[in-house]
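K.L.:
For reference, the file final-v4.txt (compact mmCIF, C-alpha atoms and all ligand atoms) is included below:
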```
# COMPACT_ATOMS: atom_id res chain seq x y z
CA MET A 1 0.00 0.00 0.00
CA ARG A 2 1.59 3.22 -1.20
CA ILE A 3 -0.50 6.08 0.12
CA ALA A 4 -0.56 9.78 -0.67
CA VAL A 5 -1.63 11.52 2.52
CA ILE A 6 -3.33 14.92 2.27
CA PRO A 7 -4.11 16.19 5.79
CA GLY A 8 -5.58 19.36 4.23
CA ASP A 9 -6.99 22.08 6.47
CA GLY A 10 -8.41 22.63 9.95
CA ILE A 11 -9.02 19.42 11.87
CA GLY A 12 -7.77 17.45 8.85
CA LYS A 13 -4.28 18.46 10.01
CA GLU A 14 -5.10 17.03 13.47
CA VAL A 15 -7.00 13.82 12.80
CA VAL A 16 -4.83 12.53 9.95
CA PRO A 17 -1.45 12.65 11.74
CA ALA A 18 -3.18 11.32 14.86
CA ALA A 19 -4.73 8.33 13.06
CA LEU A 20 -1.75 7.27 10.92
CA PRO A 21 0.16 5.49 13.74
CA ALA A 22 -2.75 3.05 13.95
CA LEU A 23 -2.18 2.09 10.31
CA THR A 24 1.56 1.79 10.87
CA ALA A 25 1.01 -0.42 13.93
CA LEU A 26 -1.43 -2.69 12.07
CA CYS A 27 0.90 -3.04 9.09
CA GLU A 28 3.75 -4.03 11.42
CA THR A 29 1.58 -6.55 13.26
CA PHE A 30 0.20 -8.14 10.11
CA GLY A 31 3.41 -7.87 8.07
CA LEU A 32 1.88 -5.61 5.41
CA PRO A 33 4.15 -3.35 3.37
CA LEU A 34 3.20 0.31 3.79
CA SER A 35 4.70 3.54 2.61
CA TYR A 36 3.26 7.01 2.50
CA ASP A 37 4.14 10.56 1.61
CA VAL A 38 2.48 13.58 3.18
CA LEU A 39 1.42 16.22 0.64
CA ASP A 40 0.91 19.82 1.78
CA TRP A 41 -2.07 20.57 -0.48
CA GLY A 42 -4.59 22.88 1.12
CA ALA A 43 -5.34 26.43 2.14
CA ASP A 44 -1.82 27.45 3.25
CA THR A 45 -0.25 26.37 -0.03
CA TRP A 46 -3.09 27.95 -2.01
CA LEU A 47 -2.70 31.27 -0.21
CA ALA A 48 1.10 31.22 -0.54
CA THR A 49 1.38 30.04 -4.17
CA GLY A 50 -2.09 30.08 -5.74
CA VAL A 51 -1.81 26.33 -6.39
CA GLY A 52 -4.50 23.93 -5.21
CA LEU A 53 -4.10 20.76 -7.23
CA PRO A 54 -0.60 20.89 -8.77
CA ASP A 55 -0.25 20.51 -12.54
CA GLY A 56 -0.01 16.87 -13.57
CA ALA A 57 -1.06 15.60 -10.14
CA VAL A 58 -3.98 13.63 -11.51
CA GLU A 59 -1.66 11.73 -13.89
CA ARG A 60 1.13 11.34 -11.31
CA LEU A 61 -0.86 10.12 -8.31
CA PRO A 62 -1.94 6.73 -9.68
CA ARG A 63 1.55 6.08 -11.06
CA THR A 64 3.16 6.61 -7.67
CA TYR A 65 0.46 5.57 -5.20
CA ASP A 66 -2.32 3.04 -4.74
CA ALA A 67 -4.64 5.34 -2.81
CA VAL A 68 -5.07 8.74 -1.22
CA LEU A 69 -6.04 9.51 2.37
CA LEU A 70 -7.58 12.97 2.72
CA GLY A 71 -8.39 14.72 6.01
CA ALA A 72 -10.56 17.67 5.05
CA LEU A 73 -10.37 20.90 3.11
CA GLY A 74 -11.91 24.24 3.99
CA ASP A 75 -10.54 27.43 5.47
CA PRO A 76 -12.32 30.61 6.61
CA ARG A 77 -9.71 32.66 4.71
CA ILE A 78 -11.03 31.17 1.45
CA PRO A 79 -14.78 31.59 1.88
CA ASP A 80 -15.75 30.28 -1.57
CA MET A 81 -13.75 27.05 -1.04
CA ALA A 82 -12.05 27.55 -4.43
CA HIS A 83 -8.99 25.56 -3.34
CA GLY A 84 -11.11 22.77 -1.89
CA ARG A 85 -13.10 22.36 -5.07
CA GLU A 86 -9.93 22.34 -7.15
CA ILE A 87 -8.32 19.67 -4.99
CA LEU A 88 -11.22 17.48 -3.87
CA LEU A 89 -13.54 17.71 -6.86
CA GLY A 90 -10.45 17.79 -9.09
CA LEU A 91 -9.30 14.45 -7.69
CA ARG A 92 -12.75 12.86 -7.75
CA ARG A 93 -13.43 13.93 -11.33
CA GLY A 94 -9.87 13.72 -12.64
CA LEU A 95 -9.37 10.19 -11.33
CA ASP A 96 -12.94 9.18 -12.21
CA LEU A 97 -13.68 8.18 -8.61
CA TYR A 98 -17.34 7.98 -9.48
CA VAL A 99 -18.47 5.75 -6.61
CA ASN A 100 -18.64 7.38 -3.19
CA HIS A 101 -19.39 4.72 -0.56
CA ARG A 102 -20.45 6.08 2.82
CA PRO A 103 -21.50 3.38 5.29
CA VAL A 104 -23.97 4.50 7.95
CA VAL A 105 -23.30 2.21 10.89
CA LEU A 106 -26.25 1.97 13.28
CA ASP A 107 -27.32 -0.39 16.04
CA SER A 108 -30.14 -1.51 13.74
CA GLY A 109 -27.66 -2.41 10.98
CA VAL A 110 -25.48 -0.82 8.33
CA ILE A 111 -26.91 1.31 5.52
CA ASP A 112 -24.53 1.40 2.58
CA ILE A 113 -25.02 4.77 0.96
CA TYR A 114 -23.64 4.79 -2.56
CA ARG A 115 -23.43 8.32 -3.88
CA GLU A 116 -22.59 9.10 -7.50
CA ASN A 117 -19.58 11.36 -7.20
CA THR A 118 -18.86 13.13 -10.47
CA GLN A 119 -22.10 14.00 -12.24
CA GLY A 120 -25.41 15.80 -11.69
CA LEU A 121 -24.89 19.18 -10.06
CA TYR A 122 -21.27 18.14 -9.44
CA ALA A 123 -20.49 17.89 -13.17
CA GLY A 124 -19.00 21.38 -13.08
CA VAL A 125 -21.18 22.65 -15.92
CA GLY A 126 -22.53 26.16 -15.61
CA GLY A 127 -21.61 29.78 -15.43
CA SER A 128 -22.76 33.17 -14.29
CA VAL A 129 -23.21 36.71 -15.47
CA THR A 130 -21.79 39.47 -13.31
CA ARG A 131 -22.72 43.16 -13.54
CA SER A 132 -21.06 45.84 -11.44
CA GLY A 133 -19.59 43.18 -9.20
CA SER A 134 -22.81 41.33 -8.43
CA VAL A 135 -24.06 38.10 -9.94
CA THR A 136 -27.17 38.65 -12.00
CA VAL A 137 -27.58 35.20 -13.55
CA ALA A 138 -26.33 31.91 -12.09
CA ILE A 139 -26.51 28.52 -13.79
CA ASP A 140 -25.35 25.18 -12.41
CA GLU A 141 -26.41 22.42 -14.76
CA SER A 142 -27.20 18.91 -13.56
CA VAL A 143 -25.66 16.62 -16.17
CA HIS A 144 -25.89 12.82 -16.26
CA THR A 145 -24.78 10.48 -19.02
CA ARG A 146 -26.50 7.14 -19.37
CA ALA A 147 -23.18 5.30 -19.62
CA ALA A 148 -21.91 6.72 -16.33
CA VAL A 149 -25.18 6.10 -14.48
CA GLU A 150 -25.19 2.52 -15.78
CA ASP A 151 -21.60 1.90 -14.66
CA PHE A 152 -22.38 3.37 -11.25
CA VAL A 153 -25.63 1.48 -10.71
CA ARG A 154 -24.21 -1.85 -11.92
CA TYR A 155 -21.12 -1.60 -9.72
CA CYS A 156 -23.16 -0.68 -6.63
CA LEU A 157 -25.69 -3.47 -7.17
CA ARG A 158 -22.86 -5.96 -7.56
CA ARG A 159 -21.20 -4.75 -4.35
CA LEU A 160 -24.46 -4.88 -2.42
CA ARG A 161 -25.19 -8.41 -3.64
CA ASP A 162 -21.64 -9.60 -2.92
CA ASP A 163 -21.87 -8.10 0.58
CA GLY A 164 -25.03 -10.12 1.22
CA ARG A 165 -27.37 -7.15 1.24
CA ARG A 166 -30.93 -7.88 0.13
CA LYS A 167 -32.62 -4.48 -0.25
CA VAL A 168 -31.68 -1.48 -2.33
CA THR A 169 -33.43 1.88 -2.57
CA LEU A 170 -33.06 4.36 -5.40
CA VAL A 171 -33.43 7.91 -4.10
CA HIS A 172 -34.47 10.49 -6.69
CA LYS A 173 -36.72 13.48 -7.34
CA SER A 174 -38.41 12.51 -10.59
CA ASN A 175 -41.58 14.42 -9.70
CA ALA A 176 -39.83 17.79 -9.82
CA VAL A 177 -36.66 17.01 -11.79
CA PRO A 178 -38.04 14.63 -14.42
CA ASN A 179 -35.20 14.24 -16.90
CA THR A 180 -32.51 12.97 -14.57
CA GLY A 181 -35.14 11.20 -12.47
CA ARG A 182 -36.37 9.23 -15.48
CA LEU A 183 -32.85 8.29 -16.58
CA TRP A 184 -31.97 7.00 -13.11
CA GLN A 185 -35.23 5.08 -12.75
CA ASP A 186 -34.87 3.49 -16.16
CA VAL A 187 -31.27 2.41 -15.56
CA PHE A 188 -32.02 1.21 -12.01
CA ARG A 189 -35.00 -0.94 -13.10
CA ARG A 190 -33.14 -2.49 -16.04
CA GLU A 191 -29.92 -3.21 -14.14
CA LEU A 192 -31.83 -4.64 -11.19
CA THR A 193 -33.23 -7.47 -13.32
CA ALA A 194 -29.74 -9.01 -13.37
CA PHE A 195 -29.73 -9.15 -9.55
CA PRO A 196 -32.57 -11.43 -8.39
CA GLU A 197 -31.00 -11.49 -4.90
CA LEU A 198 -31.85 -7.79 -4.45
CA THR A 199 -35.30 -6.30 -3.88
CA GLY A 200 -35.48 -2.77 -5.23
CA SER A 201 -37.56 0.17 -4.12
CA GLU A 202 -37.67 3.83 -5.12
CA GLU A 203 -38.32 6.91 -2.99
CA TYR A 204 -38.46 10.64 -3.53
CA VAL A 205 -35.55 12.25 -1.72
CA ASP A 206 -37.73 14.39 0.56
CA ALA A 207 -39.83 11.45 1.77
CA PHE A 208 -36.69 9.30 2.01
CA CYS A 209 -35.06 11.82 4.39
CA TYR A 210 -38.25 11.85 6.44
CA HIS A 211 -38.38 8.06 6.67
CA LEU A 212 -34.64 7.77 7.33
CA VAL A 213 -34.81 10.05 10.35
CA ARG A 214 -37.95 8.45 11.75
CA ASP A 215 -36.79 4.85 11.31
CA PRO A 216 -33.57 3.97 9.46
CA SER A 217 -33.85 0.23 10.23
CA PRO A 218 -35.54 -0.93 6.97
CA TYR A 219 -32.78 0.42 4.70
CA GLU A 220 -29.78 -1.63 3.54
CA GLY A 221 -28.42 -0.14 0.33
CA VAL A 222 -29.10 3.32 -1.06
CA LEU A 223 -28.21 4.57 -4.55
CA VAL A 224 -28.32 8.31 -5.01
CA SER A 225 -26.99 11.11 -7.18
CA SER A 226 -24.31 13.53 -6.03
CA LEU A 227 -26.06 16.43 -4.27
CA PHE A 228 -28.82 14.40 -2.64
CA GLY A 229 -26.16 11.93 -1.52
CA ASP A 230 -24.12 14.71 0.05
CA ILE A 231 -27.06 15.80 2.16
CA ILE A 232 -28.22 12.28 3.00
CA SER A 233 -24.76 11.30 4.17
CA ASP A 234 -24.74 14.13 6.73
CA ILE A 235 -28.15 12.95 7.97
CA GLY A 236 -26.70 9.45 8.16
CA ALA A 237 -23.77 10.82 10.17
CA ALA A 238 -26.19 12.46 12.59
CA LEU A 239 -27.99 9.13 13.04
CA MET A 240 -24.64 7.48 13.78
CA GLY A 241 -23.92 9.96 16.55
CA GLY A 242 -22.08 12.72 14.73
CA LEU A 243 -19.93 13.75 11.81
CA GLY A 244 -16.86 12.69 13.76
CA LEU A 245 -17.86 9.07 13.12
CA ALA A 246 -18.71 8.89 9.41
CA ALA A 247 -16.16 7.51 6.95
CA GLY A 248 -16.19 7.18 3.20
CA ALA A 249 -14.34 6.00 0.13
CA SER A 250 -14.36 7.43 -3.38
CA VAL A 251 -13.48 4.67 -5.79
CA CYS A 252 -12.85 4.13 -9.48
CA PRO A 253 -13.95 0.52 -10.05
CA GLU A 254 -11.98 0.25 -13.30
CA THR A 255 -8.57 1.34 -11.96
CA HIS A 256 -9.19 0.34 -8.32
CA PHE A 257 -7.64 3.69 -7.32
CA ALA A 258 -9.42 5.17 -4.31
CA LEU A 259 -9.57 8.26 -2.16
CA PHE A 260 -10.45 7.68 1.48
CA GLU A 261 -12.12 10.69 3.04
CA PRO A 262 -14.21 11.25 6.15
CA VAL A 263 -17.66 12.72 5.49
CA HIS A 264 -16.90 15.71 7.73
CA GLY A 265 -15.18 18.95 6.82
CA SER A 266 -12.39 20.98 8.38
CA ALA A 267 -14.56 21.99 11.39
CA PRO A 268 -13.17 25.52 11.92
CA ASP A 269 -15.29 25.81 15.08
CA ILE A 270 -13.09 23.28 16.90
CA ALA A 271 -9.86 23.38 14.86
CA GLY A 272 -6.75 23.94 16.98
CA LYS A 273 -8.39 22.82 20.22
CA GLY A 274 -7.07 19.27 20.11
CA ILE A 275 -10.52 17.74 20.51
CA ALA A 276 -11.34 16.67 16.96
CA ASN A 277 -12.56 13.12 16.73
CA PRO A 278 -10.21 10.89 14.67
CA TYR A 279 -12.82 8.07 14.62
CA ALA A 280 -14.00 8.80 11.05
CA THR A 281 -10.42 8.92 9.76
CA LEU A 282 -9.63 5.64 11.51
CA MET A 283 -12.68 4.08 9.91
CA CYS A 284 -11.40 5.40 6.57
CA LEU A 285 -8.21 3.44 7.25
CA ALA A 286 -10.35 0.35 7.90
CA LEU A 287 -12.13 0.90 4.57
CA MET A 288 -8.69 1.26 2.96
CA LEU A 289 -7.46 -2.01 4.44
CA ASP A 290 -10.67 -3.71 3.24
CA HIS A 291 -10.18 -2.21 -0.22
CA PHE A 292 -6.74 -3.80 -0.46
CA GLY A 293 -8.07 -7.16 0.73
CA HIS A 294 -6.77 -6.96 4.30
CA GLY A 295 -9.99 -7.84 6.13
CA ALA A 296 -8.40 -9.06 9.37
CA PRO A 297 -6.52 -5.85 10.26
CA ALA A 298 -9.54 -3.82 9.12
CA ASP A 299 -11.81 -5.72 11.50
CA LEU A 300 -9.31 -5.46 14.36
CA LEU A 301 -9.07 -1.71 13.83
CA ARG A 302 -12.87 -1.33 13.84
CA THR A 303 -13.17 -3.41 17.02
CA CYS A 304 -10.55 -1.35 18.87
CA VAL A 305 -11.88 2.03 17.68
CA ARG A 306 -15.44 1.12 18.74
CA GLU A 307 -14.21 -0.07 22.12
CA ALA A 308 -12.20 3.14 22.62
CA ALA A 309 -15.23 5.25 21.66
CA ARG A 310 -17.20 3.74 24.55
CA GLY A 311 -14.60 4.91 27.10
CA ALA A 312 -13.95 8.19 28.91
CA THR A 313 -11.08 9.17 26.59
CA ALA A 314 -13.54 9.54 23.71
CA THR A 315 -13.74 13.08 22.34
CA PRO A 316 -16.44 15.50 23.54
CA ASP A 317 -18.54 15.31 20.33
CA ILE A 318 -19.48 11.75 21.29
CA GLY A 319 -19.84 12.41 24.99
CA GLY A 320 -16.33 11.71 26.28
CA HIS A 321 -13.89 13.88 28.21
CA GLY A 322 -10.88 13.05 26.07
CA THR A 323 -8.83 14.74 23.40
CA THR A 324 -7.68 13.60 19.97
CA ASP A 325 -4.40 12.38 21.50
CA LEU A 326 -5.94 10.67 24.54
CA PHE A 327 -8.41 8.84 22.33
CA MET A 328 -5.58 7.71 20.04
CA ASP A 329 -3.56 6.51 23.07
CA THR A 330 -6.51 4.29 23.97
CA VAL A 331 -6.88 3.01 20.40
CA LEU A 332 -3.16 2.19 20.14
CA THR A 333 -3.17 0.46 23.54
CA LEU A 334 -6.17 -1.63 22.50
CA LEU A 335 -4.53 -2.50 19.17
CA ASP A 336 -1.48 -3.67 21.03
CA HIS A 337 -3.58 -5.59 23.56
CA HIS A 338 -5.71 -7.35 20.93
CA ARG A 339 -2.75 -8.06 18.66
CA PRO A 340 -2.96 -11.61 17.34
CA ALA A 341 -0.29 -13.86 18.84
CA ARG A 342 2.83 -13.94 16.71
CA ARG A 343 3.33 -17.20 14.91
CA ALA A 344 6.37 -19.06 16.17
CA SER A 345 9.22 -18.67 13.72
CA PRO A 346 10.09 -21.85 11.89
CA PRO A 347 13.12 -23.65 13.36
P1 LIG A 401 -17.92 20.34 9.16
O1 LIG A 401 -18.20 18.92 8.80
O2 LIG A 401 -16.52 20.77 9.09
O3 LIG A 401 -18.46 20.61 10.65
C1 LIG A 401 -19.83 20.48 11.02
C2 LIG A 401 -19.94 20.26 12.52
O4 LIG A 401 -19.47 18.96 12.86
C3 LIG A 401 -19.11 21.26 13.33
O5 LIG A 401 -19.79 21.62 14.48
C4 LIG A 401 -17.86 20.44 13.68
O6 LIG A 401 -17.23 20.84 14.86
C5 LIG A 401 -18.41 19.02 13.79
N1 LIG A 401 -17.39 18.03 13.42
C6 LIG A 401 -17.05 17.68 12.15
N2 LIG A 401 -16.07 16.77 12.18
C7 LIG A 401 -15.78 16.53 13.47
C8 LIG A 401 -14.85 15.68 14.14
N3 LIG A 401 -14.00 14.88 13.45
N4 LIG A 401 -14.82 15.71 15.49
C9 LIG A 401 -15.66 16.47 16.17
N5 LIG A 401 -16.57 17.30 15.62
C10 LIG A 401 -16.62 17.33 14.26
O7 LIG A 401 -18.88 21.23 8.24
P2 LIG A 401 -18.81 22.82 7.96
O8 LIG A 401 -18.53 23.55 9.23
O9 LIG A 401 -20.03 23.11 7.21
O10 LIG A 401 -17.59 22.98 6.97
C11 LIG A 401 -16.31 23.49 7.33
C12 LIG A 401 -15.44 23.54 6.09
O11 LIG A 401 -15.19 22.22 5.62
C13 LIG A 401 -16.08 24.28 4.92
O12 LIG A 401 -15.08 25.00 4.27
C14 LIG A 401 -16.61 23.18 4.03
O13 LIG A 401 -16.67 23.56 2.68
C15 LIG A 401 -15.56 22.11 4.24
N6 LIG A 401 -15.96 20.72 3.98
C16 LIG A 401 -14.98 19.92 3.48
C17 LIG A 401 -15.20 18.56 3.33
C18 LIG A 401 -14.09 17.71 2.82
O14 LIG A 401 -12.98 18.18 2.64
N7 LIG A 401 -14.31 16.43 2.58
C19 LIG A 401 -16.44 18.02 3.71
C20 LIG A 401 -17.42 18.87 4.23
C21 LIG A 401 -17.16 20.22 4.38
C1 LIG A 402 -18.39 16.04 1.12
C2 LIG A 402 -18.25 17.54 1.01
C3 LIG A 402 -17.86 17.94 -0.40
C4 LIG A 402 -18.97 17.47 -1.33
C5 LIG A 402 -17.59 19.44 -0.58
C6 LIG A 402 -16.59 19.96 0.41
C7 LIG A 402 -17.14 19.75 -1.97
O1 LIG A 402 -19.40 18.18 1.45
O2 LIG A 402 -17.42 15.32 0.78
O3 LIG A 402 -19.43 15.57 1.59
O4 LIG A 402 -19.95 18.21 -1.50
O5 LIG A 402 -18.86 16.38 -1.88
MN MN A 403 -20.79 16.81 2.49
```
Do you think you could lay out the structure here as structure tokens?
P.N.:
Amino acid sequence: MRIAVIPGDGIGKEVVPAALPALTALCETFGLPLSYDVLDWGADTWLATGVGLPDGAVERLPRTYDAVLLGALGDPRIPDMAHGREILLGLRRGLDLYVNHRPVVLDSGVIDIYRENTQGLYAGVGGSVTRSGSVTVAIDESVHTRAAVEDFVRYCLRRLRDDGRRKVTLVHKSNAVPNTGRLWQDVFRRELTAFPELTGSEEYVDAFCYHLVRDPSPYEGVLVSSLFGDIISDIGAALMGGLGLAAGASVCPETHFALFEPVHGSAPDIAGKGIANPYATLMCLALMLDHFGHGAPADLLRTCVREAARGATATPDIGGHGTTDLFMDTVLTLLDHHRPARRASPP
């Protein structure tokens, strides 16, 4: 595993360095080769040099690395998030990471939210007219191609089936936004016929949000376009107990390249206080280990992180009295404690 690490801004610069020792420890324990480089992309570099995503980065990254770990981007000094869009949306679109998997882990079960990551209102198509410094016309087009929706839907259905899930819900808004709604419904219904193991249903996004908050237990898999998926994944995070807990992966199924990114942002309201929760970033590392086929260390990491989160050294956002560092001390102690016994060396 060769990883490009982008801590980014705000609490990204706290939770990423805090969480990485857990990955190093697991790789040592399980004998997995690991190397990583830390890249300084983010607000400071943007403000100093005007560069967000360096020229050629999209071509270079997959040649040098197998995956990216991103903390978060966002800085009050750059209120329009221009650098964040260039870096984050630039990586997602440039590397065709069109599947954004955001598991919502609840006592009642896991809801696998699959969010399309590169199209719809995130296609980057639009423009505006400005007169005397104020915007008079603003257009952001929602663009979907059939081929990309098909690839997305087929991949997600396959993953859900292979993971033993039985129900999948398409979330859309075909009553008010009929063109994209109809395309998604048509593709979903056709692709679903190849997956007799899965029972499909369809819901309007407004009613879906209502049902999700009232009772998330019936849902297993959710397929959704980019903007609705963004909003739904924050609702999912709230159901889990907070944004500090929600992890995600942006994947290109064809190249297998992936960007692991918590759902949360740079949290300027708590940045610099040492209390940011590294849980979501740790769960991103578990998703990364899974992605590379290392299920045992991924499961061990999840077990230890969940156990640590129940203790007093958990961070305040989830009811503890700890700090980022205290929580990580607990996680690392648990990892050491639960380490599988070393096999005796052959004589
Ligand atoms: P946010 O997710 O940063 O924070 C929302 C709330 O959740 C805040 O109260 C914050 O303190 C809390 N929170 C988030 N993560 C936490 C953690 N790990 N531990 C404890 N509490 C946590 O959302 P925002 O305030 O709307 O956005 C801040 C900046 O981040 C903006 O610039 C936004 O554009 C950006 N953003 C970036 C990403 C990303 O890089 N992936 C994602 C979302 C938002
Ligand atoms: C997320 C974020 C990003 C998104 C922003 C920061 C561009 O909200 O990853 O959920 O909208 O995808
Ligand atoms: Mn979001």
K.L.:
Mind checking which residues fall within 8 Å of Gly274 of chain A, counting only C-alpha atoms, ignoring those fewer than 4 positions away in the same chain, and posting them as a CSV table (one decimal) with C-alpha atoms, keeping the file's coordinate frame?
P.N.:
```
chain,number,residue,atom,x,y,z
A,14,GLU,CA,-5.1,17.0,13.5
A,270,ILE,CA,-13.1,23.3,16.9
A,323,THR,CA,-8.8,14.7,23.4
A,324,THR,CA,-7.7,13.6,20.0
A,325,ASP,CA,-4.4,12.4,21.5
```
K.L.:
Just want the residues within 9 Å of ligand MN 403 (chain A), written as a list in words, counting all atoms listed in the file.
P.N.:
Leu227, Gly229, Asp230, Ile231, Ile232, Ser233, Asp234, Val263, His264 and Gly265 of chain A
K.L.:
Could you produce a table of the residues of chain A lying within 6 Å of ligand LIG 401 (chain A), with the nearest pair of atoms per residue and their separation in Å rounded to one decimal, using only C-alpha atoms and all ligand atoms, ordered by chain and increasing residue number, as JSON lines?
P.N.:
```
{"residue": "A:Ala72", "atom": "CA", "partner": "A:LIG401", "partner_atom": "O14", "distance": 3.5}
{"residue": "A:Leu73", "atom": "CA", "partner": "A:LIG401", "partner_atom": "O14", "distance": 3.8}
{"residue": "A:Gly74", "atom": "CA", "partner": "A:LIG401", "partner_atom": "O12", "distance": 3.3}
{"residue": "A:Asp75", "atom": "CA", "partner": "A:LIG401", "partner_atom": "O12", "distance": 5.3}
{"residue": "A:Met81", "atom": "CA", "partner": "A:LIG401", "partner_atom": "O12", "distance": 5.8}
{"residue": "A:Leu243", "atom": "CA", "partner": "A:LIG401", "partner_atom": "C6", "distance": 4.9}
{"residue": "A:Gly244", "atom": "CA", "partner": "A:LIG401", "partner_atom": "N3", "distance": 3.6}
{"residue": "A:Val263", "atom": "CA", "partner": "A:LIG401", "partner_atom": "C19", "distance": 5.7}
{"residue": "A:His264", "atom": "CA", "partner": "A:LIG401", "partner_atom": "O1", "distance": 3.6}
{"residue": "A:Gly265", "atom": "CA", "partner": "A:LIG401", "partner_atom": "O2", "distance": 3.2}
{"residue": "A:Ser266", "atom": "CA", "partner": "A:LIG401", "partner_atom": "O11", "distance": 4.1}
{"residue": "A:Ala267", "atom": "CA", "partner": "A:LIG401", "partner_atom": "O2", "distance": 3.3}
{"residue": "A:Pro268", "atom": "CA", "partner": "A:LIG401", "partner_atom": "C11", "distance": 5.9}
{"residue": "A:Asp269", "atom": "CA", "partner": "A:LIG401", "partner_atom": "O6", "distance": 5.3}
{"residue": "A:Ile270", "atom": "CA", "partner": "A:LIG401", "partner_atom": "O6", "distance": 5.2}
{"residue": "A:Ala276", "atom": "CA", "partner": "A:LIG401", "partner_atom": "N4", "distance": 3.9}
{"residue": "A:Asn277", "atom": "CA", "partner": "A:LIG401", "partner_atom": "N4", "distance": 3.7}
{"residue": "A:Pro278", "atom": "CA", "partner": "A:LIG401", "partner_atom": "N3", "distance": 5.6}
{"residue": "A:Asp317", "atom": "CA", "partner": "A:LIG401", "partner_atom": "C9", "distance": 5.2}
```
K.L.:
Give me, please, the distance in Å between atom CA of Arg190 of chain A and atom CA of Val149 of chain A, quoted to one decimal.
P.N.:
11.8 Å
K.L.:
Hey, which of A:Leu95, A:Cys156, A:Val16, A:Ile113 ends up closest to Pro62 of chain A? Count only C-alpha atoms.
P.N.:
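Comparing A:Leu95, A:Cys156, A:Val16, A:Ile113 against Pro62 of chain A, the winner is A:Leu95.
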K.L.:
Which is closest to Ala238 of chain A among A:Ser132, A:Ile78, A:Val68, A:Val105, if we use only C-alpha atoms?
P.N.:
A:Val105
K.L.:
Name all residues at most 6 Å from segment 279-295 of chain A (count only C-alpha atoms; drop same-chain ones fewer than 6 positions away) and give them as number ranges by chain.
P.N.:
A: 19, 244-247, 260, 262
